[in-house]
Amino acid sequence: MTEGRQSTVGQDRLRDSLDKFTDYRYIRRVNPGSNGSSASRLLRDWTSRGRYHFSTEEMADGLGVSLTAARSALGRLKKKGLVASPYRGFHVVVSPEHVRLGCLPAEQFVPQLMERLGVPYYAGLLTAARFHGAAHHQPQIFQVVVPKNRPPIHCGLVQVSFVARQNAAAMPTQIVNTPRGFLKVSSPETTAYDLVGYPEHCGGLDNVATVLAELGEKLDSERLVEIADLSPIPWSQRLGYILDLVQHSFRTETLAGFVASRATETVPLVPGSEHDPSRRDDRWKLWVNADLEPDL
């Protein structure tokens with residue numbers, strides 16, 4: 001079945017679900033005088049035009065009712081599994097193929113939510129590595145980098161976690177297509193720096209090394225140095241060491257020059273852990289206080 005045919009089938013199934021919900025006898029039995037029929041018709045109209053995201057206020061405006069009445073209509077749609085709310089006041093239409101999730105996949109609503117909130121973002125860390133073809137396992141949590149900490153999102157089976165990077169808006173990214181629009185994803189070089197900068201969000205440095213072994217094929221040595229200027233110096237020291245360890249040293253010559261000219265201190269490979277002064281890597285000015293075991 002072609003992608004276009006699959007999309008058409010999915011839209012037909014969604015219309016069938018909405019039509020079933022608007023059955024007159026059902027509405028009268030649940031709530032006489034309900035505006036559920038109007039709400040489902042509005043959803044049908046939106047989805048026929050490719051719109052799957054809306055606010056409570058937009059629902060109220062579309063129905064010509066109060067916010068209270070719109071919330072009641074939304075509650076009924078949610079009970080039928082036709083609508084989900086990943087964020088207060090922000091709702092998504094759940095496509096039939098995603099009913100099991102109880103929500104749209106994160107990449108299909110995170111861009112729209114961040115735009116509504118006015119928050120710079122990009123999909124990063126292990127999530128970005130997956131988009132770049134460098135994740136051994138499918139990440140269970142969708143990871144998003146933003147300027148400030150935000151609480152995680154739980155919507156059905158979909159989980160979104162946020163990692164704070166103050167200069168997130170300045171980091172190089174790429175745009176990828178999704179069935180519901182476009183998603184901003186960190187570039188391979190930005191992803192590499194974030195992996196070593198936030199290993200606690202990536203399963204530890206052993207897993208970071210495993211991912212970098214695959215991601216290294218897509219790294220550009222000059223772009224790595226551009227990202228180095230946007231990141232703490234120790235991140236460059238650790239990244240260079242790990243790339244050498246996983247056989248990507250031919251991509252680190254320029255980065256080694258950057259570290260030689262900028263790094264003023266020898267730092268530990270694993271922050272906060274004790275180190276043996278005899279285990280010093282001079283190329284990266286690094287105390288090697290852990291034996292990494294990437295799954296190669």
# chains A, B, ... in the order shown; residues from 1 in each chain; ligands from 1
>>> residues_around(residues="Gln143 in chain A", least_positions_apart="5", cutoff="7 Å", atoms="only C-alpha atoms", output="MDAnalysis selection string")
chainID A and resid 123:125 127 160:162
>>> residues_around(residues="Ala168 in chain A", least_positions_apart="2", cutoff="7 Å", atoms="only C-alpha atoms", output="PDB file with C-alpha atoms, in the first residue's frame")
ATOM      1  CA  PRO A 120      12.991  27.612  21.039  1.00  0.00           C
ATOM      2  CA  TYR A 121      13.574  23.874  20.831  1.00  0.00           C
ATOM      3  CA  VAL A 145      16.402  20.508  24.212  1.00  0.00           C
ATOM      4  CA  VAL A 146      15.090  23.911  25.345  1.00  0.00           C
ATOM      5  CA  PRO A 147      16.662  26.995  27.000  1.00  0.00           C
ATOM      6  CA  ARG A 165      20.683  24.166  27.344  1.00  0.00           C
ATOM      7  CA  GLN A 166      20.837  27.923  27.784  1.00  0.00           C
ATOM      8  CA  ALA A 170      21.857  29.218  18.762  1.00  0.00           C
ATOM      9  CA  MET A 171      22.676  25.550  18.127  1.00  0.00           C
TER      10      MET A 171
END
>>> select_by_dssp(residues="range 28-158 of chain A", states="alpha helix (DSSP H)", output="PyMOL selection string")
chain A and resi 28-30+36-48+56-63+67-79+110-117+125-131
>>> atom_distance(atom1="CA of Pro232 in chain A", atom2="CA of Thr252 in chain A")
16.9 Å
>>> residues_around(residues="range 88-99 of chain A", least_positions_apart="4", cutoff="8 Å", atoms="only C-alpha atoms", output="ChimeraX atom specification")
/A:10-11,13-14,43,47,52-57,81-84,103-105,109,113
>>> residues_around(residues="range 270-273 of chain A", least_positions_apart="4", cutoff="10 Å", atoms="only C-alpha atoms", output="VMD selection string")
chain A and resid 196 199 204 to 205 234 238 286 to 290
>>> residues_around(residues="Ala263 in chain A", least_positions_apart="6", cutoff="12 Å", atoms="only C-alpha atoms", output="VMD selection string")
chain A and resid 228 to 229 232 to 238 255 to 257 282 to 286
>>> closest_residue(among="A:Arg51, A:His136, A:Lys148, A:Arg279", to="Gln112 in chain A", atoms="only C-alpha atoms")
A:Arg51
>>> closest_residue(among="A:Ala106, A:Ala70, A:Leu77, A:Ile227", to="Pro152 in chain A", atoms="only C-alpha atoms")
A:Ala106
>>> atom_distance(atom1="CA of Leu67 in chain A", atom2="CA of Gly118 in chain A")
22.9 Å
>>> closest_residue(among="A:Arg44, A:Arg262, A:Arg76, A:Lys218", to="His132 in chain A", atoms="only C-alpha atoms")
A:Lys218
>>> closest_residue(among="A:Glu217, A:Glu58, A:Asp206, A:Glu222", to="Arg71 in chain A", atoms="only C-alpha atoms")
A:Glu58
>>> closest_residue(among="A:Leu292, A:Leu117, A:Cys155, A:Ala128", to="Lys78 in chain A", atoms="only C-alpha atoms")
A:Cys155
>>> closest_residue(among="A:Leu224, A:Cys202, A:Ala209, A:Leu230", to="Asn167 in chain A", atoms="only C-alpha atoms")
A:Leu230
>>> atom_distance(atom1="CA of Leu245 in chain A", atom2="CA of Tyr193 in chain A")
15.7 Å
